[in-house]
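Text of model39.txt, listed as compact mmCIF, C-alpha atoms:
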# COMPACT_ATOMS: atom_id res chain seq x y z
CA GLN A 43 -34.83 49.62 36.42
CA ILE A 44 -37.69 51.60 34.89
CA THR A 45 -40.40 52.97 37.18
CA VAL A 46 -43.76 54.18 35.84
CA THR A 47 -46.25 56.12 38.02
CA SER A 48 -49.86 56.47 36.86
CA GLU A 49 -52.11 59.53 37.30
CA THR A 50 -53.71 57.85 40.30
CA GLY A 51 -50.33 57.33 41.90
CA ALA A 52 -49.99 53.63 41.15
CA VAL A 53 -46.34 52.66 40.67
CA LYS A 54 -44.97 49.87 38.48
CA THR A 55 -41.35 48.86 38.19
CA TYR A 56 -39.81 47.21 35.12
CA THR A 57 -36.40 45.72 34.49
CA LEU A 58 -34.51 46.29 31.22
CA ILE A 59 -31.64 43.91 30.51
CA ILE A 60 -29.20 45.05 27.85
CA ALA A 61 -27.07 42.09 26.71
CA TRP A 62 -24.14 42.67 24.43
CA GLU A 63 -23.49 40.17 21.64
CA SER A 64 -20.16 38.46 21.93
CA ASN A 65 -17.44 38.86 19.29
CA ASP A 66 -15.63 35.76 20.55
CA ALA A 67 -14.66 33.63 17.53
CA GLU A 68 -12.07 31.50 19.27
CA LEU A 69 -11.74 27.75 18.67
CA GLU A 70 -11.89 25.64 21.82
CA TRP A 71 -10.72 22.34 20.32
CA ILE A 72 -10.70 20.25 17.17
CA LYS A 73 -10.56 16.46 16.92
CA VAL A 74 -10.09 13.85 14.20
CA ASP A 75 -11.48 10.39 14.92
CA GLY A 76 -11.65 11.33 18.59
CA LYS A 77 -8.03 12.45 18.83
CA ALA A 78 -7.20 16.09 19.52
CA ALA A 79 -5.28 17.94 16.82
CA ILE A 80 -2.16 19.85 17.83
CA GLU A 81 -1.79 23.59 17.25
CA VAL A 82 1.43 23.93 15.27
CA SER A 83 1.18 27.64 14.53
CA GLU A 84 -1.32 30.44 14.95
CA ASN A 85 -4.75 29.20 13.81
CA THR A 86 -3.25 26.04 12.28
CA TYR A 87 -3.76 22.54 13.69
CA TYR A 88 -2.13 19.27 12.63
CA ILE A 89 -2.90 15.56 12.98
CA THR A 90 -2.13 12.29 11.19
CA ALA A 91 -4.93 10.05 10.00
CA LEU A 92 -4.96 6.33 10.69
CA ALA A 93 -2.88 4.40 8.16
CA GLY A 94 -4.91 3.52 5.11
CA ALA A 95 -7.95 5.53 6.23
CA GLU A 96 -10.28 6.69 3.45
CA THR A 97 -12.53 8.84 5.64
CA VAL A 98 -12.17 10.63 8.99
CA LYS A 99 -14.59 12.15 11.49
CA ILE A 100 -13.80 15.81 12.20
CA GLU A 101 -15.25 17.53 15.27
CA ALA A 102 -14.79 21.15 16.31
CA SER A 103 -16.01 23.27 19.23
CA ALA A 104 -16.12 27.04 19.69
CA SER A 105 -15.07 28.67 22.98
CA ASN A 106 -18.27 30.70 23.14
CA GLU A 107 -21.55 28.81 23.45
CA TYR A 108 -23.32 31.23 21.11
CA ALA A 109 -20.76 31.09 18.31
CA ASN A 110 -21.43 29.09 15.14
CA VAL A 111 -19.07 26.43 13.84
CA GLN A 112 -18.62 25.46 10.19
CA ILE A 113 -16.28 22.67 9.02
CA ASP A 114 -15.28 22.80 5.37
CA THR A 115 -18.53 23.31 3.41
CA SER A 116 -20.89 22.07 6.14
CA ALA A 117 -23.83 24.04 7.48
CA LYS A 118 -23.17 26.21 10.53
CA LYS A 119 -24.04 24.78 13.94
CA LEU A 120 -24.14 26.43 17.33
CA LYS A 121 -21.13 25.73 19.59
CA GLN A 122 -20.10 22.37 18.06
CA ASN A 123 -20.12 20.69 14.69
CA GLU A 124 -18.91 17.44 13.14
CA ILE A 125 -18.58 15.96 9.67
CA THR A 126 -17.33 12.82 7.94
CA TYR A 127 -14.56 13.89 5.58
CA THR A 128 -13.38 11.84 2.60
CA LEU A 129 -9.61 11.93 2.22
CA PRO A 130 -8.45 12.53 -1.36
CA ASP A 131 -5.73 10.43 -3.03
CA SER A 132 -3.48 13.48 -3.00
CA PRO A 133 -1.92 15.66 -1.73
CA LYS A 134 -0.29 13.89 1.18
CA ILE A 135 -1.33 16.65 3.60
CA VAL A 136 -4.85 17.99 3.10
CA GLU A 137 -6.09 21.23 4.60
CA VAL A 138 -9.64 21.57 5.93
CA PRO A 139 -10.99 25.02 6.92
CA VAL A 140 -12.86 25.43 10.21
CA ILE A 141 -14.78 28.72 10.45
CA ILE A 142 -16.02 30.20 13.74
CA THR A 143 -18.61 32.98 13.49
CA ALA A 144 -19.12 34.96 16.69
CA GLN A 145 -22.54 35.69 18.20
CA ASP A 146 -22.49 39.20 16.73
CA GLY A 147 -22.60 37.65 13.24
CA LYS A 148 -19.82 39.92 12.10
CA THR A 149 -16.67 38.59 13.70
CA GLU A 150 -15.37 35.54 11.87
CA LYS A 151 -12.18 33.54 12.23
CA THR A 152 -10.87 30.76 9.98
CA TYR A 153 -8.69 27.97 11.32
CA THR A 154 -6.82 25.42 9.22
CA LEU A 155 -6.79 21.72 10.04
CA GLN A 156 -3.92 19.85 8.37
CA ILE A 157 -4.48 16.09 8.05
CA GLU A 158 -1.47 14.05 6.98
CA GLN A 159 -2.24 10.77 5.29
CA VAL A 160 0.05 7.92 6.30
CA SER A 161 0.07 4.99 3.90
CA ASN A 162 0.21 1.27 4.70
CA ASP A 163 0.63 0.40 1.02
CA THR A 164 3.39 -2.18 0.41
CA SER A 165 2.47 -2.96 -3.18
CA ILE A 166 5.02 -3.00 -6.00
CA GLU A 167 4.32 -1.07 -9.17
CA THR A 168 7.16 -2.35 -11.37
CA ILE A 169 9.94 -4.92 -11.33
CA LYS A 170 12.47 -5.14 -14.14
CA VAL A 171 15.42 -7.44 -14.77
CA ASN A 172 17.88 -6.06 -17.31
CA ASP A 173 15.16 -3.59 -18.43
CA VAL A 174 12.63 -6.36 -19.04
CA VAL A 175 9.40 -6.00 -17.03
CA VAL A 176 8.61 -9.01 -14.85
CA THR A 177 4.94 -9.88 -15.41
CA ASN A 178 4.78 -13.41 -14.00
CA TYR A 179 3.62 -13.10 -10.38
CA ASN A 180 2.16 -15.77 -8.11
CA GLU A 181 -0.01 -14.07 -5.48
CA GLU A 182 -0.23 -17.21 -3.35
CA THR A 183 3.52 -17.69 -3.01
CA LYS A 184 4.29 -13.96 -3.45
CA THR A 185 6.87 -14.83 -6.08
CA TYR A 186 7.90 -12.96 -9.22
CA GLU A 187 9.54 -15.12 -11.89
CA ILE A 188 11.46 -14.32 -15.04
CA ILE A 189 13.56 -16.42 -17.43
CA VAL A 190 16.81 -15.06 -18.88
CA GLU A 191 19.23 -16.39 -21.48
CA GLU A 192 21.68 -19.07 -20.39
CA THR A 193 24.65 -16.78 -21.10
CA VAL A 194 23.45 -14.07 -18.67
CA SER A 195 25.55 -14.14 -15.49
CA GLU A 196 24.42 -10.86 -13.93
CA GLY A 197 21.12 -9.03 -13.68
CA ALA A 198 20.23 -5.40 -13.00
CA VAL A 199 17.08 -5.59 -10.87
CA TYR A 200 14.90 -2.48 -10.68
CA VAL A 201 11.98 -2.20 -8.24
CA LYS A 202 9.50 0.67 -7.92
CA THR A 203 6.85 0.83 -5.19
CA LYS A 204 3.33 2.03 -5.85
CA ASN A 205 3.42 4.49 -2.96
CA GLU A 206 6.09 7.19 -3.15
CA GLU A 207 6.65 7.19 0.61
CA ALA A 208 7.35 3.44 0.86
CA LYS A 209 10.90 2.14 1.17
CA VAL A 210 12.26 -0.86 -0.69
CA LYS A 211 15.37 -3.02 -0.75
CA ILE A 212 16.57 -5.93 -2.84
CA ASP A 213 17.89 -8.84 -0.79
CA THR A 214 20.63 -7.46 1.53
CA GLY A 215 20.97 -4.14 -0.31
CA ASP A 216 20.26 -0.68 1.04
CA LEU A 217 16.75 0.43 1.96
CA THR A 218 15.74 3.15 -0.50
CA LYS A 219 12.67 5.35 -0.82
CA HIS A 220 10.26 4.49 -3.65
CA GLU A 221 12.68 2.84 -6.10
CA VAL A 222 15.94 0.92 -6.12
CA THR A 223 18.32 -0.80 -8.53
CA GLU A 224 20.75 -3.56 -7.58
CA LYS A 225 23.13 -5.83 -9.50
CA VAL A 226 22.58 -9.50 -8.69
CA SER A 227 24.23 -12.73 -9.79
CA THR A 228 22.42 -15.05 -12.19
CA VAL A 229 25.18 -17.65 -12.44
CA ALA A 230 23.02 -20.48 -11.11
CA ASP A 231 20.18 -22.04 -13.10
CA GLU A 232 17.76 -20.65 -10.50
CA ASN A 233 18.49 -17.52 -8.48
CA GLU A 234 16.20 -16.22 -5.74
CA TYR A 235 16.27 -12.80 -4.10
CA ASP A 236 14.05 -11.22 -1.42
CA ILE A 237 12.36 -7.92 -2.17
CA THR A 238 11.28 -6.13 1.01
CA VAL A 239 8.88 -3.18 1.02
CA ILE A 240 8.28 -1.11 4.16
CA ALA A 241 5.22 1.14 4.03
CA GLU A 242 5.16 4.62 5.51
CA ASP A 243 3.43 3.36 8.64
CA GLY A 244 5.97 0.56 9.12
CA THR A 245 3.96 -2.28 7.57
CA THR A 246 6.46 -4.71 6.01
CA GLU A 247 6.00 -7.22 3.22
CA THR A 248 8.60 -9.46 1.59
CA ARG A 249 8.27 -11.02 -1.84
CA THR A 250 10.60 -13.30 -3.81
CA LEU A 251 12.14 -12.64 -7.20
CA LYS A 252 13.13 -15.85 -8.99
CA ILE A 253 15.46 -15.49 -11.97
CA LYS A 254 15.70 -18.71 -13.97
CA LYS A 255 18.06 -19.40 -16.84
CA LEU A 256 17.32 -21.25 -20.06
CA SER A 257 19.26 -24.47 -19.56
CA GLN A 258 21.38 -26.20 -22.23
CA ASP A 259 21.25 -29.40 -20.22
CA ALA A 260 19.59 -32.12 -22.32
CA SER A 261 20.96 -35.05 -20.35
CA ILE A 262 18.92 -38.02 -19.17
CA VAL A 263 19.08 -39.30 -15.61
CA LYS A 264 17.20 -42.56 -16.10
CA VAL A 265 15.00 -44.43 -18.58
CA TYR A 266 12.35 -46.93 -17.48
CA VAL A 267 10.44 -49.48 -19.57
CA ASN A 268 7.39 -50.90 -17.84
CA GLY A 269 8.86 -49.80 -14.54
CA VAL A 270 12.26 -51.42 -15.11
CA GLU A 271 15.33 -49.24 -15.44
CA ALA A 272 17.18 -49.45 -18.76
CA THR A 273 20.98 -49.67 -18.83
CA LEU A 274 23.07 -46.84 -20.26
CA GLN A 275 25.74 -48.08 -22.64
CA THR A 276 29.34 -46.90 -22.80
CA ASP A 277 28.62 -44.50 -25.67
CA GLY A 278 26.59 -42.44 -23.23
CA LYS A 279 23.66 -42.20 -25.62
CA THR A 280 22.19 -45.69 -25.89
CA TYR A 281 19.95 -47.42 -23.34
CA ASN A 282 19.33 -51.17 -23.47
CA ILE A 283 16.68 -53.29 -21.80
CA SER A 284 15.34 -56.81 -22.42
CA VAL A 285 11.63 -57.59 -22.30
CA LEU A 286 9.64 -60.78 -22.73
CA GLU A 287 8.75 -61.76 -26.28
CA SER A 288 5.09 -61.69 -25.34
CA VAL A 289 5.20 -57.98 -24.47
CA GLU A 290 3.49 -56.04 -27.23
CA ASN A 291 3.28 -52.59 -25.58
CA ALA A 292 5.66 -50.74 -23.33
CA ILE A 293 5.32 -47.75 -21.02
CA ILE A 294 8.44 -45.66 -21.34
CA LYS A 295 9.36 -43.15 -18.66
CA VAL A 296 12.26 -40.73 -19.11
CA LYS A 297 13.71 -38.55 -16.33
CA THR A 298 15.93 -35.65 -17.36
CA THR A 299 18.44 -33.66 -15.33
CA ASN A 300 16.64 -30.43 -16.25
CA LYS A 301 13.05 -30.62 -15.03
CA ASN A 302 11.98 -28.12 -17.73
CA ALA A 303 13.46 -30.07 -20.63
CA SER A 304 11.01 -31.27 -23.32
CA ILE A 305 10.97 -34.95 -24.24
CA ASN A 306 10.15 -36.48 -27.61
CA ILE A 307 9.90 -40.25 -28.20
CA ASN A 308 9.82 -41.47 -31.82
CA GLY A 309 8.41 -38.16 -33.03
CA THR A 310 5.83 -37.75 -30.28
CA ASP A 311 6.21 -34.84 -27.84
CA LEU A 312 5.36 -35.81 -24.28
CA ALA A 313 2.99 -33.57 -22.37
CA ASN A 314 5.07 -33.71 -19.22
CA LYS A 315 8.51 -32.17 -18.96
CA GLY A 316 11.56 -33.38 -17.10

Output the file's structure as structure tokens, nothing else.
Amino acid sequence: QITVTSETGAVKTYTLIIAWESNDAELEWIKVDGKAAIEVSENTYYITALAGAETVKIEASASNEYANVQIDTSAKKLKQNEITYTLPDSPKIVEVPVIITAQDGKTEKTYTLQIEQVSNDTSIETIKVNDVVVTNYNEETKTYEIIVEETVSEGAVYVKTKNEEAKVKIDTGDLTKHEVTEKVSTVADENEYDITVIAEDGTTETRTLKIKKLSQDASIVKVYVNGVEATLQTDGKTYNISVLESVENAIIKVKTTNKNASININGTDLANKG
């Protein structure tokens, strides 16, 4: 207290408050999308982002109510601050600085927030069969298809996922990170194998690889003339059928064993196969 007495004897009392400025630059808490980050070492905090997230909300609070908080390159705010942070494509773990400046304006402490990005990507980057890239893919049926020579009885299937952290397996083979190669049989005219991709977050997607062989089968199952089946003769190559003398035109239908075989009648290629 300060007391002042005038010449006339009047007395006045004053109060002087001396407040010291805090040097407290401690971090009270830090959150990502509402979830508290874990302190893994001195001044370093860790958290995983939601699978597939492109942005996250980062919030931080200082222990002292007069301290300023800065997150990454944001402006300083008293006590608490928050930003929306865009996650980069890489690296897998990004580090975001959180800076606490004490009330005294001199004491400053930097904390590191580590955000690990967990992928839900199950996409396939490349599929090869005997070193030939498979380009024919049906998105609706999730089926890859490739045609190999009729003499090929075995195929080396190579699969590479788009995301390096994803795991992949071919049919009943081993689950392998990022890429895998398996030998498969191509003895049959059509061979189908499952390709399973498990993303880093556990999301699973299965696609089908169909390996078809060029067939040498040019045999005919049946021949029809105007809806009537023709008779195969003993030579195995000639079909006979009798029609009325009045018939001037005939609709000929040929069914082959191989549904992909091309058919030509008297020099005319039919649009439909098989």

Between CA of Ser64 in chain A and CA of Val138 in chain A, measure the distance and give it in Å to one decimal. 25.5 Å

Residues within 7 Å of range 217-220 of chain A, all atoms listed in the file, excluding chain neighbours under 6 positions, as JSON, numbers by chain: {"A": [202, 203, 205, 206, 207, 208, 209, 210, 211]}

File dump, residues just selected, C-alpha atoms, as a short mmCIF file (atom, residue, chain, number, x, y, z; two decimals), in the coordinates of the input:
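What follows is the written file result.cif:
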data_model
loop_
_atom_site.label_atom_id
_atom_site.label_comp_id
_atom_site.auth_asym_id
_atom_site.auth_seq_id
_atom_site.Cartn_x
_atom_site.Cartn_y
_atom_site.Cartn_z
CA LYS A 202 9.50 0.67 -7.92
CA THR A 203 6.85 0.83 -5.19
CA ASN A 205 3.42 4.49 -2.96
CA GLU A 206 6.09 7.19 -3.15
CA GLU A 207 6.65 7.19 0.61
CA ALA A 208 7.35 3.44 0.86
CA LYS A 209 10.90 2.14 1.17
CA VAL A 210 12.26 -0.86 -0.69
CA LYS A 211 15.37 -3.02 -0.75
#

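Nearest to Gln122 in chain A of all the residues A:Asp173, A:Asp75, A:Glu70, A:Asp163 is A:Glu70, counting all atoms listed in the file.
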
If I put a ball of radius 12 Å at (0.7, 21.3, 3.0) in the file's coordinates, which residues poke into it when counting all atoms listed in the file, written as a PyMOL selection string? chain A and resi 86-88+132-138+154-159

Which residue of A:Val171, A:Val194, A:Ala272, A:Val267 approaches Val289 in chain A most closely, using all atoms listed in the file: A:Val267

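Of the listed residues (A:Glu234, A:Asn180, A:Asp146, A:Asp311), A:Asp146 comes nearest to Ala61 in chain A; the distances count only C-alpha atoms.
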
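Minimum distance to Val140 in chain A across A:Gln112, A:Thr55, A:Asn314, A:Thr299 (counting only C-alpha atoms) occurs at A:Gln112.
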
Do a neighbour search on Thr149 in chain A at 9 Å with all atoms listed in the file, toss out local chain neighbours closer than 6 positions, and write the hits as a list in words. Ser64, Asn65, Asp66, Ala67, Ile142 and Thr143 of chain A

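Put simply, CA of Glu287 in chain A is 13.8 Å away from CA of Asn268 in chain A.
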
For range 257-271 of chain A, write all heavy atoms out as an mmCIF file, in the first residue's frame.
data_model
loop_
_atom_site.group_PDB
_atom_site.id
_atom_site.type_symbol
_atom_site.label_atom_id
_atom_site.label_comp_id
_atom_site.auth_asym_id
_atom_site.auth_seq_id
_atom_site.Cartn_x
_atom_site.Cartn_y
_atom_site.Cartn_z
ATOM 1 N N SER A 257 -8.349 -71.549 -78.201
ATOM 2 C CA SER A 257 -8.747 -72.940 -78.431
ATOM 3 C C SER A 257 -8.493 -73.380 -79.877
ATOM 4 O O SER A 257 -8.654 -72.598 -80.819
ATOM 5 C CB SER A 257 -10.237 -73.096 -78.105
ATOM 6 O OG SER A 257 -10.671 -74.397 -78.404
ATOM 7 N N GLN A 258 -8.102 -74.652 -80.041
ATOM 8 C CA GLN A 258 -7.955 -75.259 -81.366
ATOM 9 C C GLN A 258 -9.208 -76.028 -81.767
ATOM 10 O O GLN A 258 -9.247 -76.661 -82.831
ATOM 11 C CB GLN A 258 -6.738 -76.198 -81.375
ATOM 12 C CG GLN A 258 -5.409 -75.476 -81.206
ATOM 13 C CD GLN A 258 -4.229 -76.428 -81.269
ATOM 14 O OE1 GLN A 258 -4.353 -77.617 -80.989
ATOM 15 N NE2 GLN A 258 -3.079 -75.912 -81.652
ATOM 16 N N ASP A 259 -10.209 -75.953 -80.910
ATOM 17 C CA ASP A 259 -11.448 -76.694 -81.145
ATOM 18 C C ASP A 259 -12.293 -75.989 -82.208
ATOM 19 O O ASP A 259 -12.790 -74.888 -81.992
ATOM 20 C CB ASP A 259 -12.222 -76.801 -79.836
ATOM 21 C CG ASP A 259 -13.437 -77.711 -79.955
ATOM 22 O OD1 ASP A 259 -13.729 -78.167 -81.076
ATOM 23 O OD2 ASP A 259 -14.077 -77.956 -78.915
ATOM 24 N N ALA A 260 -12.434 -76.625 -83.356
ATOM 25 C CA ALA A 260 -13.261 -76.074 -84.437
ATOM 26 C C ALA A 260 -14.432 -77.006 -84.740
ATOM 27 O O ALA A 260 -14.961 -77.026 -85.859
ATOM 28 C CB ALA A 260 -12.411 -75.868 -85.693
ATOM 29 N N SER A 261 -14.826 -77.766 -83.738
ATOM 30 C CA SER A 261 -15.896 -78.745 -83.966
ATOM 31 C C SER A 261 -17.277 -78.099 -83.842
ATOM 32 O O SER A 261 -17.462 -77.104 -83.147
ATOM 33 C CB SER A 261 -15.772 -79.905 -82.981
ATOM 34 O OG SER A 261 -15.810 -79.432 -81.649
ATOM 35 N N ILE A 262 -18.223 -78.728 -84.567
ATOM 36 C CA ILE A 262 -19.613 -78.263 -84.562
ATOM 37 C C ILE A 262 -20.445 -79.184 -83.673
ATOM 38 O O ILE A 262 -20.315 -80.410 -83.724
ATOM 39 C CB ILE A 262 -20.186 -78.249 -85.992
ATOM 40 C CG1 ILE A 262 -19.505 -77.151 -86.814
ATOM 41 C CG2 ILE A 262 -21.694 -78.037 -85.977
ATOM 42 C CD1 ILE A 262 -19.939 -77.136 -88.269
ATOM 43 N N VAL A 263 -21.317 -78.567 -82.868
ATOM 44 C CA VAL A 263 -22.222 -79.345 -82.041
ATOM 45 C C VAL A 263 -23.466 -79.714 -82.841
ATOM 46 O O VAL A 263 -23.850 -80.876 -82.943
ATOM 47 C CB VAL A 263 -22.614 -78.562 -80.776
ATOM 48 C CG1 VAL A 263 -23.612 -79.365 -79.941
ATOM 49 C CG2 VAL A 263 -21.377 -78.235 -79.939
ATOM 50 N N LYS A 264 -24.091 -78.697 -83.441
ATOM 51 C CA LYS A 264 -25.309 -78.930 -84.218
ATOM 52 C C LYS A 264 -25.434 -77.906 -85.334
ATOM 53 O O LYS A 264 -24.898 -76.794 -85.242
ATOM 54 C CB LYS A 264 -26.549 -78.867 -83.321
ATOM 55 C CG LYS A 264 -26.674 -80.030 -82.342
ATOM 56 C CD LYS A 264 -27.945 -79.922 -81.510
ATOM 57 C CE LYS A 264 -28.042 -81.099 -80.524
ATOM 58 N NZ LYS A 264 -29.269 -81.037 -79.713
ATOM 59 N N VAL A 265 -26.174 -78.326 -86.396
ATOM 60 C CA VAL A 265 -26.506 -77.424 -87.495
ATOM 61 C C VAL A 265 -28.021 -77.464 -87.695
ATOM 62 O O VAL A 265 -28.621 -78.546 -87.722
ATOM 63 C CB VAL A 265 -25.796 -77.833 -88.805
ATOM 64 C CG1 VAL A 265 -26.240 -76.943 -89.957
ATOM 65 C CG2 VAL A 265 -24.281 -77.773 -88.643
ATOM 66 N N TYR A 266 -28.613 -76.282 -87.799
ATOM 67 C CA TYR A 266 -30.067 -76.191 -88.003
ATOM 68 C C TYR A 266 -30.358 -75.464 -89.321
ATOM 69 O O TYR A 266 -29.654 -74.507 -89.681
ATOM 70 C CB TYR A 266 -30.734 -75.418 -86.872
ATOM 71 C CG TYR A 266 -30.582 -76.056 -85.511
ATOM 72 C CD1 TYR A 266 -29.491 -75.758 -84.692
ATOM 73 C CD2 TYR A 266 -31.541 -76.951 -85.042
ATOM 74 C CE1 TYR A 266 -29.368 -76.344 -83.449
ATOM 75 C CE2 TYR A 266 -31.420 -77.534 -83.788
ATOM 76 C CZ TYR A 266 -30.323 -77.224 -82.994
ATOM 77 O OH TYR A 266 -30.200 -77.799 -81.753
ATOM 78 N N VAL A 267 -31.371 -75.939 -90.036
ATOM 79 C CA VAL A 267 -31.856 -75.268 -91.239
ATOM 80 C C VAL A 267 -33.335 -74.991 -91.035
ATOM 81 O O VAL A 267 -34.135 -75.935 -90.855
ATOM 82 C CB VAL A 267 -31.639 -76.127 -92.499
ATOM 83 C CG1 VAL A 267 -32.215 -75.412 -93.726
ATOM 84 C CG2 VAL A 267 -30.150 -76.416 -92.702
ATOM 85 N N ASN A 268 -33.664 -73.709 -90.996
ATOM 86 C CA ASN A 268 -35.044 -73.293 -90.724
ATOM 87 C C ASN A 268 -35.593 -73.941 -89.445
ATOM 88 O O ASN A 268 -36.747 -74.385 -89.394
ATOM 89 C CB ASN A 268 -35.955 -73.609 -91.913
ATOM 90 C CG ASN A 268 -35.641 -72.717 -93.106
ATOM 91 O OD1 ASN A 268 -35.043 -71.656 -92.954
ATOM 92 N ND2 ASN A 268 -36.014 -73.170 -94.294
ATOM 93 N N GLY A 269 -34.728 -74.035 -88.451
ATOM 94 C CA GLY A 269 -35.135 -74.556 -87.162
ATOM 95 C C GLY A 269 -35.103 -76.061 -87.037
ATOM 96 O O GLY A 269 -35.376 -76.600 -85.955
ATOM 97 N N VAL A 270 -34.764 -76.766 -88.103
ATOM 98 C CA VAL A 270 -34.718 -78.228 -88.079
ATOM 99 C C VAL A 270 -33.265 -78.673 -88.043
ATOM 100 O O VAL A 270 -32.445 -78.192 -88.837
ATOM 101 C CB VAL A 270 -35.435 -78.834 -89.302
ATOM 102 C CG1 VAL A 270 -35.367 -80.361 -89.241
ATOM 103 C CG2 VAL A 270 -36.878 -78.352 -89.361
ATOM 104 N N GLU A 271 -32.971 -79.609 -87.157
ATOM 105 C CA GLU A 271 -31.594 -80.070 -87.009
ATOM 106 C C GLU A 271 -31.176 -80.945 -88.179
ATOM 107 O O GLU A 271 -31.885 -81.873 -88.586
ATOM 108 C CB GLU A 271 -31.432 -80.842 -85.705
ATOM 109 C CG GLU A 271 -30.005 -81.273 -85.426
ATOM 110 C CD GLU A 271 -29.855 -82.014 -84.110
ATOM 111 O OE1 GLU A 271 -30.806 -81.966 -83.282
ATOM 112 O OE2 GLU A 271 -28.796 -82.659 -83.920
#
